[in-house]
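Chemist: Got a file for you: my_file.cif, mmCIF, C-alpha atoms.
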```
data_structure
#
loop_
_atom_site.label_atom_id
_atom_site.label_comp_id
_atom_site.auth_asym_id
_atom_site.auth_seq_id
_atom_site.Cartn_x
_atom_site.Cartn_y
_atom_site.Cartn_z
CA MET A 1 126.21 93.85 115.59
CA ILE A 2 129.68 95.28 115.78
CA PHE A 3 128.91 98.34 113.61
CA SER A 4 125.66 99.30 115.35
CA PRO A 5 124.08 101.90 115.23
CA PHE A 6 125.57 102.65 111.79
CA MET A 7 124.39 99.38 110.24
CA ASP A 8 122.33 96.37 111.36
CA HIS A 9 124.21 93.73 109.39
CA ARG A 10 125.64 90.99 111.59
CA TYR A 11 129.08 89.63 110.77
CA ALA A 12 130.18 86.23 112.06
CA TRP A 13 133.18 83.99 111.54
CA ASP A 14 131.35 80.96 112.98
CA LEU A 15 134.52 79.50 114.46
CA VAL A 16 133.82 78.95 118.16
CA PHE A 17 130.71 77.75 119.98
CA ILE A 18 129.09 80.34 122.25
CA ILE A 19 130.20 78.40 125.35
CA ASP A 20 133.43 76.65 124.38
CA LEU A 21 135.01 74.85 127.33
CA ILE A 22 138.30 74.30 125.49
CA PHE A 23 138.56 77.99 124.54
CA SER A 24 137.73 79.05 128.09
CA GLY A 25 140.09 76.48 129.59
CA ILE A 26 143.04 77.73 127.53
CA ILE A 27 142.43 81.18 129.04
CA PHE A 28 141.46 80.50 132.64
CA ILE A 29 143.64 77.51 133.56
CA PRO A 30 146.92 79.34 132.75
CA PHE A 31 145.53 82.43 134.48
CA PHE A 32 145.03 80.56 137.75
CA ILE A 33 148.41 78.84 137.38
CA SER A 34 150.08 82.23 136.95
CA LEU A 35 148.68 83.33 140.31
CA PHE A 36 150.86 80.72 142.01
CA LEU A 37 153.87 81.07 139.72
CA GLU A 38 154.36 84.80 139.78
CA LYS A 39 157.93 84.68 138.51
CA LYS A 40 156.88 82.70 135.45
CA SER A 41 153.46 84.27 135.02
CA ARG A 42 154.46 86.13 131.84
CA TRP A 43 155.59 82.94 130.17
CA VAL A 44 152.47 81.11 131.31
CA CYS A 45 150.26 83.83 129.83
CA ARG A 46 152.27 83.88 126.62
CA GLY A 47 151.83 80.14 126.36
CA SER A 48 148.11 80.64 126.86
CA MET A 49 147.97 83.12 123.99
CA ILE A 50 149.92 80.77 121.73
CA GLY A 51 147.61 77.89 122.64
CA LEU A 52 144.56 80.05 122.02
CA SER A 53 145.87 81.10 118.61
CA LEU A 54 146.53 77.48 117.65
CA TYR A 55 143.04 76.49 118.78
CA ILE A 56 141.44 79.25 116.70
CA LEU A 57 143.46 78.08 113.69
CA LEU A 58 142.22 74.53 114.27
CA CYS A 59 138.61 75.76 114.40
CA TRP A 60 139.15 77.84 111.27
CA PHE A 61 140.50 74.78 109.41
CA GLN A 62 137.60 72.57 110.55
CA ASN A 63 135.11 75.27 109.58
CA GLY A 64 136.63 75.25 106.10
CA ARG A 65 136.18 71.48 105.87
CA ALA A 66 132.55 71.80 106.96
CA MET A 67 131.92 74.59 104.45
CA LYS A 68 133.23 72.39 101.63
CA LEU A 69 130.69 69.71 102.55
CA THR A 70 128.00 72.37 102.72
CA GLU A 71 128.84 73.76 99.29
CA VAL A 72 129.00 70.29 97.71
CA PHE A 73 125.51 69.48 98.97
CA ALA A 74 124.22 72.91 97.93
CA HIS A 75 125.50 72.39 94.38
CA SER A 76 123.69 69.04 94.21
CA LEU A 77 120.32 70.72 94.81
CA ASN A 78 118.20 71.75 91.88
CA GLU A 79 117.15 74.88 93.76
CA GLU A 80 118.26 78.47 94.17
CA VAL A 81 120.47 78.66 97.26
CA ILE A 82 120.09 81.80 99.36
CA GLN A 83 122.77 81.16 101.95
CA VAL A 84 124.92 78.41 103.46
CA ALA A 85 126.60 78.17 106.84
CA SER A 86 128.59 75.80 109.03
CA LEU A 87 128.20 76.51 112.73
CA PRO A 88 130.38 75.23 115.60
CA GLN A 89 128.93 72.76 118.07
CA PRO A 90 129.47 72.12 121.79
CA LEU A 91 132.28 70.01 123.29
CA SER A 92 134.35 69.45 120.14
CA PRO A 93 135.98 71.54 117.38
CA PHE A 94 135.42 68.60 115.03
CA ARG A 95 131.61 68.76 115.22
CA TRP A 96 129.65 71.15 113.02
CA ALA A 97 126.07 71.93 112.08
CA ILE A 98 125.48 72.48 108.36
CA PHE A 99 122.74 74.68 106.89
CA ILE A 100 121.63 75.30 103.31
CA GLU A 101 118.76 77.73 102.80
CA THR A 102 116.74 77.84 99.58
CA ASN A 103 113.66 79.89 98.71
CA ASP A 104 111.24 77.73 100.66
CA LYS A 105 113.35 75.15 102.51
CA ILE A 106 116.25 74.80 104.91
CA TYR A 107 118.45 71.71 104.93
CA GLN A 108 120.13 70.88 108.24
CA GLY A 109 122.88 68.34 108.86
CA PHE A 110 125.38 67.48 111.58
CA VAL A 111 128.90 66.17 111.03
CA ASP A 112 131.73 64.84 113.19
CA PHE A 113 135.05 64.70 111.35
CA LEU A 114 136.45 62.15 113.79
CA ARG A 115 133.63 59.70 113.14
CA GLU A 116 133.79 56.93 110.55
CA GLU A 117 130.50 55.13 111.22
CA ARG A 118 127.13 56.24 112.45
CA PRO A 119 126.56 55.49 116.14
CA GLU A 120 123.81 53.18 117.29
CA SER A 121 120.30 54.58 117.59
CA VAL A 122 119.08 55.89 120.92
CA SER A 123 115.74 55.74 122.71
CA ALA A 124 113.63 58.34 124.45
CA SER A 125 115.07 57.21 127.78
CA SER A 126 118.68 57.74 126.65
CA SER A 127 120.72 60.39 128.42
CA PHE A 128 121.34 63.86 127.04
CA PHE A 129 124.92 63.03 126.10
CA GLU A 130 123.90 59.79 124.36
CA LYS A 131 121.37 61.69 122.26
CA LEU A 132 123.91 64.41 121.55
CA ASN A 133 126.50 61.86 120.44
CA ARG A 134 123.99 60.18 118.11
CA LEU A 135 123.22 63.47 116.39
CA TYR A 136 126.48 63.68 114.44
CA ASP A 137 127.20 61.72 111.27
CA PRO A 138 130.47 60.84 109.50
CA PRO A 139 131.44 63.25 106.68
CA GLU A 140 130.48 60.75 103.97
CA LYS A 141 127.13 59.80 105.53
CA ILE A 142 125.45 63.04 106.57
CA ASN A 143 121.70 62.73 107.03
CA TYR A 144 120.19 66.07 106.01
CA ARG A 145 116.88 67.08 107.59
CA LEU A 146 114.49 69.07 105.45
CA TRP A 147 112.54 71.93 107.02
CA THR A 148 109.83 73.90 105.23
CA LYS A 149 110.29 77.57 106.05
CA LEU A 150 106.61 78.55 105.96
CA GLN A 151 103.36 76.60 106.03
CA ASP A 152 100.38 77.49 103.87
CA SER A 153 98.08 78.87 106.54
CA PRO A 154 96.35 82.24 107.06
CA TRP A 155 97.35 82.03 110.72
CA VAL A 156 101.01 81.89 109.75
CA GLU A 157 100.57 85.03 107.64
CA LYS A 158 98.81 86.72 110.54
CA ALA A 159 101.56 85.70 112.98
CA LEU A 160 104.29 86.96 110.65
CA ALA A 161 102.68 90.41 110.70
CA THR A 162 102.89 90.73 114.50
CA GLU A 163 105.57 92.87 116.08
CA GLY A 164 106.91 90.02 118.19
CA VAL A 165 107.44 87.66 115.25
CA GLU A 166 108.95 90.43 113.13
CA PHE A 167 111.53 91.00 115.87
CA TYR A 168 112.09 87.25 116.19
CA TYR A 169 112.79 86.97 112.45
CA TRP A 170 115.23 89.88 112.74
CA PHE A 171 117.04 88.01 115.51
CA ALA A 172 116.89 84.50 114.00
CA ARG A 173 119.33 83.25 111.40
CA PHE A 174 117.43 80.22 110.09
CA PRO A 175 113.80 80.70 111.19
CA VAL A 176 111.08 78.22 110.24
CA VAL A 177 107.50 77.53 111.24
CA LYS A 178 107.64 74.55 113.58
CA SER A 179 103.92 73.92 113.91
CA VAL A 180 100.43 75.29 113.32
CA ASN A 181 97.60 73.82 115.37
CA PHE A 182 94.21 74.47 116.93
CA GLU A 183 93.53 73.64 120.56
CA ASP A 184 91.13 74.86 123.25
CA GLY A 185 89.55 77.30 120.83
CA ARG A 186 92.85 78.99 119.95
CA HIS A 187 95.01 78.98 116.84
CA ARG A 188 98.69 78.57 117.71
CA VAL A 189 101.71 79.17 115.45
CA GLU A 190 105.16 78.22 116.70
CA PHE A 191 108.53 79.29 115.27
CA ILE A 192 112.08 78.05 115.84
CA ASP A 193 115.55 79.19 114.84
CA LEU A 194 117.34 76.13 113.47
CA ARG A 195 120.77 77.41 114.42
CA PHE A 196 119.89 76.56 118.05
CA SER A 197 117.95 73.39 117.25
CA MET A 198 119.32 69.91 117.90
CA PRO A 199 116.58 67.47 116.82
CA GLU A 200 115.67 64.95 119.52
CA VAL A 201 118.16 66.64 121.87
CA ARG A 202 117.04 70.22 122.54
CA MET A 203 115.03 72.91 120.80
CA PRO A 204 115.34 76.25 122.65
CA PHE A 205 114.21 79.76 121.69
CA ARG A 206 110.82 78.64 120.40
CA TYR A 207 108.47 81.57 119.88
CA TYR A 208 104.71 81.18 119.68
CA VAL A 209 101.64 83.29 118.93
CA GLU A 210 98.11 82.26 119.87
CA PHE A 211 94.99 83.83 118.34
CA ASP A 212 91.36 83.58 119.33
CA HIS A 213 88.60 82.98 116.77
CA SER A 214 88.34 86.68 115.98
CA GLY A 215 92.04 86.87 115.10
CA ARG A 216 93.10 88.82 118.15
CA ILE A 217 96.32 87.82 119.92
CA TYR A 218 95.49 85.72 122.97
CA SER A 219 99.11 85.21 124.09
CA GLU A 220 102.62 85.23 122.66
CA GLY A 221 106.21 84.80 123.78
CA PHE A 222 108.89 82.17 124.23
CA VAL A 223 107.70 78.67 125.08
CA GLU A 224 110.29 78.38 127.86
CA ASP A 225 108.97 81.53 129.56
CA ARG A 226 105.41 80.25 129.46
CA LYS A 227 106.43 76.95 131.06
CA LYS A 228 108.11 78.85 133.90
CA GLN A 229 104.97 80.93 134.45
CA ARG A 230 102.87 77.78 134.74
CA GLU A 231 105.28 76.33 137.29
#
```
Using the file provided, produce a representation of the structure as structure tokens.
Modeler:
Amino acid sequence: MIFSPFMDHRYAWDLVFIIDLIFSGIIFIPFFISLFLEKKSRWVCRGSMIGLSLYILLCWFQNGRAMKLTEVFAHSLNEEVIQVASLPQPLSPFRWAIFIETNDKIYQGFVDFLREERPESVSASSSFFEKLNRLYDPPEKINYRLWTKLQDSPWVEKALATEGVEFYYWFARFPVVKSVNFEDGRHRVEFIDLRFSMPEVRMPFRYYVEFDHSGRIYSEGFVEDRKKQRE
């Protein structure tokens, strides 16, 4: 939040992935080269800045292409659209995640502008990179996943009223209820932020709340933290 503490609104250009190896490489590789070419270090650094500017322009152009696809799909829906977004993805400036949020649903799609045909399906034993590669569709054949934002359950309503979930919803951009279940005498509600979710690949930043029969909080927190505690 660049204007904090004056306002809480978060502004984002959505141009570069949070860990962009190309972006970082354009900065650090010329930097290390300049250490050995001191006489030409200024020109090396200037070249780095030019390359970085061109890369940002490329990302900006690809983001515009992704937003056009997002808006076309949003207009095809017979629903009130709250917000749309196209978010950068790892390893390539040509891959984007597409989101369309309506009153009670979120549509999620993944596109690769260099792809013409869908890749072959993968299995549970496939590697991380094989699953990641399978996630992205060609621009004309995007498979949108439908997520229901909230489930009709009193335990969801109870979880939404907790301080932890309220903070999670403040942090999240596209939050949904992932699951509601009952196990070992406890009611468990789990939330995810779709902007970090890659179906069948990874699903980080999952937040859960568990209640006992009386409705008191038994435990809550991030799923990843709980797994570490068990280990």
Chemist: Leaving out range 25-34 of chain A and any residue of its chain fewer than 3 positions from it, which residues lie within 12 Å of it when counting all atoms listed in the file, given as JSON, numbers by chain?
Modeler: {"A": [19, 20, 21, 22, 37, 38, 39, 40, 41, 42, 43, 44, 45, 46, 47, 48, 49, 50, 51, 52, 53, 54, 55, 56, 91]}
Chemist: Can you spell out as a list in words the set of residues that the PyMOL selection byres ((chain A and resi 81) around 9) selects in the structure I just provided?
Modeler: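 Applying the PyMOL selection byres ((chain A and resi 81) around 9) to the structure shown produces Ala74, His75, Leu77, Glu79, Glu80, Ile82, Gln83, Val84, Ile100, Glu101, Thr102 and Asn103 of chain A.
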Chemist: Between A:Leu150, A:Val177, A:Val165, A:Ala66, which has the minimum distance to Glu220 in chain A (counting all atoms listed in the file)?
Modeler: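 Among A:Leu150, A:Val177, A:Val165, A:Ala66, it is A:Val165 that comes nearest to Glu220 in chain A.
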Chemist: Smallest atom-to-atom distance to Cys59 in chain A: which of A:Leu87, A:Ala97, A:Val16, A:Met203, using all atoms listed in the file?
Modeler: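 Closest to Cys59 in chain A of all the choices is A:Val16.
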Chemist: Given all atoms listed in the file as the basis, pick out the residue of A:Ala85, A:Leu132, A:Ala124, A:Ala159 nearest to Leu194 in chain A.
Modeler: A:Ala85
Chemist: Could you work out how far CA of Leu114 in chain A lies from CA of Asn143 in chain A, giving the answer in Å with one decimal?
Modeler: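 CA of Leu114 in chain A lies at a distance of 16.2 Å from CA of Asn143 in chain A.
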Chemist: What's the separation between CA of Ser24 in chain A and CA of Pro93 in chain A, in Å to one decimal place?
Modeler: 13.2 Å
Chemist: Please compute the CA of Tyr208 in chain A-CA of Pro175 in chain A distance, one decimal, in Å.
Modeler: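 Between CA of Tyr208 in chain A and CA of Pro175 in chain A the gap is 12.4 Å.
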Chemist: Which of these residues is nearest to Glu130 in chain A, using only C-alpha atoms: A:Glu200, A:Arg115, A:Gln151, A:Lys178?
Modeler: A:Glu200
Chemist: Considering all atoms listed in the file, can you say which of A:Gln108, A:Ser126, A:Ser179, A:Asn133 comes closest to Asp152 in chain A?
Modeler: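 Among A:Gln108, A:Ser126, A:Ser179, A:Asn133, it is A:Ser179 that comes nearest to Asp152 in chain A.
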Chemist: Applying the PyMOL selection byres ((chain A and resi 222) around 6) to the file I just gave you, which residues come out? Please list them as a list of chain:residue names.
Modeler: A:Arg206, A:Tyr207, A:Gly221, A:Val223, A:Glu224, A:Asp225
Chemist: Let me make sure I understand: among A:Arg173, A:Ser121, A:Leu160, A:Lys68, which one has the smallest atom-to-atom distance to Ala12 in chain A if we use all atoms listed in the file?
Modeler: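 Using all atoms listed in the file, the shortest distance to Ala12 in chain A belongs to A:Arg173.
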Chemist: Any idea what's packed within 8 Å of range 210-217 of chain A, counting only C-alpha atoms, ignoring anything in its chain fewer than 2 positions away? Could you give it as a count of residues only?
Modeler: 8
Chemist: Could you spell out the hits of the PyMOL selection byres ((chain A and resi 67) around 10) on the shown file, as a list in words?
Modeler: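 Taken over the shown coordinates, the PyMOL selection byres ((chain A and resi 67) around 10) returns Phe61, Gln62, Asn63, Gly64, Arg65, Ala66, Lys68, Leu69, Thr70, Glu71, Val72, Phe73, Val84, Ala85, Ser86, Leu87, Trp96, Ala97, Ile98 and Phe99 of chain A.
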Chemist: Quick one: everything within 12 Å of Arg202 in chain A, counting all atoms listed in the file, minus sequence neighbours fewer than 2 positions away in the same chain. Send it as a PyMOL selection string.
Modeler: chain A and resi 128-129+131-132+135+192-200+204-206+224
